[in-house]
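The structure under discussion appears below in the form of C-alpha cells.
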Amino acid sequence: METTSVQKIKRSFKRPFIFPRNCVYRPLRQLHNIERNQKLPPDQPTYFTLNAPPSLIPPKKYSDISGLPAPYVDPHSKLRFANAEEYGSMQQLPSDIINGYLTLRGFTSAVG
C-alpha cells in the first residue's frame with residue numbers, strides 16, 4: 001500500500017491568506033488607470049461605476065457617552081446609552097452638553 005502525505009499549509013499572522021500564483025494584486029490607483037485607458041462603452045460596468053444597493057441590515061447603534069453598543073434611548077434627551085450607570089450620569093448633564101453629543105452624532109430634531 002502507498003501512503004500519501006498531506007502537506008499542511010503553513011500560515012503566518014503577517015500573511016494569513018495565501019493567494020494563487022496567477023492572482024495579481026493591483027492597487028486601487030492602478031485599477032483606475034487601467035479602466036480609464038480602456039475604451040469601454042459607457043453602459044458597461046467597471047470597478048468604479050458599480051453602485052451597491054442599500055444595506056438591508058439595520059445600522060448598529062452605539063452609546064453617545066461610552067461608545068459601547070447601545071440598546072436603549074432616553075426619550076427625553078434622545079441620547080443613546082448602554083447601561084443604568086450611563087443613564088444616571090446622563091440625567092446630571094446640562095442641556096448644552098447633551099446638544100453637543102447630539103450634534104456629534106448628527107441628530108437633528110424634527111420638532112425644533
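Ligands are numbered from 1 in the order shown, residues from 1 within each chain, and chains are lettered A, B, ... in the order they appear in the C-alpha cells.
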
- Among the residues of region 36-103 of chain A, find those DSSP assigns to alpha helix (DSSP H) from the backbone and print them as a list in words.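 Alpha helix (DSSP H) assignments inside region 36-103 of chain A correspond to Arg36, Asn37, Ala84, Glu85, Glu86, Tyr87, Gly88, Ser89, Met90, Gln91, Ser95, Asp96, Ile97, Ile98, Asn99, Gly100, Tyr101, Leu102 and Thr103 of chain A.
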
- Non-local contacts of Arg36 (chain A) (10 Å; only C-alpha atoms; under 5 positions in same chain excluded) as a PyMOL selection string: chain A and resi 30-31+46+48

Using C-alpha atoms, can you export the residues from the last selection as a PDB file, in the first residue's frame?
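Below is the file that was written, result_26.pdb:
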```pdb
ATOM      1  CA  GLN A  30      -3.588  51.012 -10.939  1.00  0.00           C
ATOM      2  CA  LEU A  31      -7.108  49.599 -11.411  1.00  0.00           C
ATOM      3  CA  THR A  46     -16.470  48.870 -14.389  1.00  0.00           C
ATOM      4  CA  PHE A  48     -15.658  52.338 -10.225  1.00  0.00           C
TER       5      PHE A  48
END
```

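In this model, the gap between CA of Gln91 (chain A) and CA of Ser77 (chain A) comes to 9.0 Å.
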
How would you write, as a PDB file with C-alpha atoms, in the first residue's frame, the set of residues in region 6-108 of chain A that DSSP gives as strand (DSSP E or B)?
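Result file follows (result-v8.pdb):
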```pdb
ATOM      1  CA  TYR A  62     -23.638  52.935  19.879  1.00  0.00           C
ATOM      2  CA  PRO A  69     -23.391  49.021  21.768  1.00  0.00           C
ATOM      3  CA  TYR A  72     -31.529  51.970  24.964  1.00  0.00           C
ATOM      4  CA  VAL A  73     -32.531  55.558  24.118  1.00  0.00           C
ATOM      5  CA  ARG A  80     -28.322  56.520  23.439  1.00  0.00           C
ATOM      6  CA  PHE A  81     -26.916  54.644  26.429  1.00  0.00           C
TER       7      PHE A  81
END
```

- Message: Report as a ChimeraX atom specification all protein, DNA and RNA residues lying within 10 Å of Ile98 (chain A), evaluated on only C-alpha atoms, omitting residues in the same chain fewer than 4 positions from it.
- Response: /A:64-65,77-79,90-91,93-94,102-104

Store the residues picked out above, limited to N, CA, C and O atoms, as a compact mmCIF listing (two decimals), in the first residue's frame.
```txt
# COMPACT_ATOMS: atom_id res chain seq x y z
N ASP A 64 -23.76 57.25 23.08
CA ASP A 64 -23.17 58.57 22.85
C ASP A 64 -22.11 58.90 23.90
O ASP A 64 -21.24 59.72 23.66
N ILE A 65 -22.15 58.24 25.04
CA ILE A 65 -21.22 58.55 26.12
C ILE A 65 -20.00 57.65 26.07
O ILE A 65 -18.87 58.11 26.08
N SER A 77 -33.99 63.14 26.29
CA SER A 77 -32.85 63.80 25.66
C SER A 77 -32.47 63.19 24.32
O SER A 77 -31.67 63.75 23.59
N LYS A 78 -33.00 62.02 23.98
CA LYS A 78 -32.71 61.29 22.74
C LYS A 78 -31.28 60.78 22.67
O LYS A 78 -30.80 60.41 21.61
N LEU A 79 -30.57 60.75 23.81
CA LEU A 79 -29.23 60.18 23.85
C LEU A 79 -29.32 58.67 23.96
O LEU A 79 -30.20 58.14 24.64
N MET A 90 -26.17 60.55 32.58
CA MET A 90 -26.83 61.40 31.57
C MET A 90 -27.85 62.34 32.22
O MET A 90 -28.04 63.46 31.75
N GLN A 91 -28.50 61.90 33.28
CA GLN A 91 -29.50 62.72 33.94
C GLN A 91 -28.90 63.96 34.57
O GLN A 91 -29.58 64.95 34.77
N LEU A 93 -26.30 65.67 33.19
CA LEU A 93 -25.64 66.50 32.19
C LEU A 93 -26.47 67.74 31.89
O LEU A 93 -27.70 67.67 31.78
N PRO A 94 -25.82 68.90 31.71
CA PRO A 94 -26.55 70.10 31.29
C PRO A 94 -27.00 69.99 29.83
O PRO A 94 -26.46 69.19 29.06
N LEU A 102 -25.56 65.24 20.70
CA LEU A 102 -26.49 65.02 19.58
C LEU A 102 -25.95 65.60 18.28
O LEU A 102 -26.14 65.03 17.21
N THR A 103 -25.26 66.72 18.35
CA THR A 103 -24.67 67.31 17.17
C THR A 103 -23.55 66.44 16.62
O THR A 103 -23.44 66.26 15.41
N LEU A 104 -22.74 65.87 17.51
CA LEU A 104 -21.68 64.97 17.07
C LEU A 104 -22.24 63.75 16.35
O LEU A 104 -21.68 63.26 15.37
```

- Task: Identify, on the basis of only C-alpha atoms, every residue whose closest approach to Thr49 (chain A) does not exceed 12 Å; exclude the query and any residue fewer than 2 positions from it along the same chain; express the result as number ranges by chain.
- Result: A: 32, 35-36, 40, 42-47, 51-52

Now that the selection is made, can you save its residues with C-alpha atoms as a compact mmCIF listing (two decimals), in the first residue's frame?
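Okay, this is what ended up in result-v1.txt:
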```txt
# COMPACT_ATOMS: atom_id res chain seq x y z
CA HIS A 32 -8.43 53.11 -12.00
CA GLU A 35 -10.12 51.20 -16.64
CA ARG A 36 -9.62 54.80 -17.71
CA LEU A 40 -15.21 50.82 -22.99
CA PRO A 42 -20.45 53.92 -21.30
CA ASP A 43 -23.09 51.32 -20.43
CA GLN A 44 -20.54 48.63 -19.48
CA PRO A 45 -19.99 48.44 -15.72
CA THR A 46 -16.47 48.87 -14.39
CA TYR A 47 -14.90 48.68 -10.94
CA ASN A 51 -23.21 51.16 -7.25
CA ALA A 52 -24.02 48.96 -4.31
```

- Query: What is the distance, in Å and to one decimal place, between CA of Thr108 (chain A) and CA of Pro71 (chain A)?
  - Reply: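 So the two atoms, CA of Thr108 (chain A) and CA of Pro71 (chain A), lie 20.0 Å apart.
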
- Query: CA of Asp74 (chain A) and CA of Tyr87 (chain A) are how many Å apart?
  - Reply: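 We find that CA of Asp74 (chain A) and CA of Tyr87 (chain A) lie 7.8 Å from each other.
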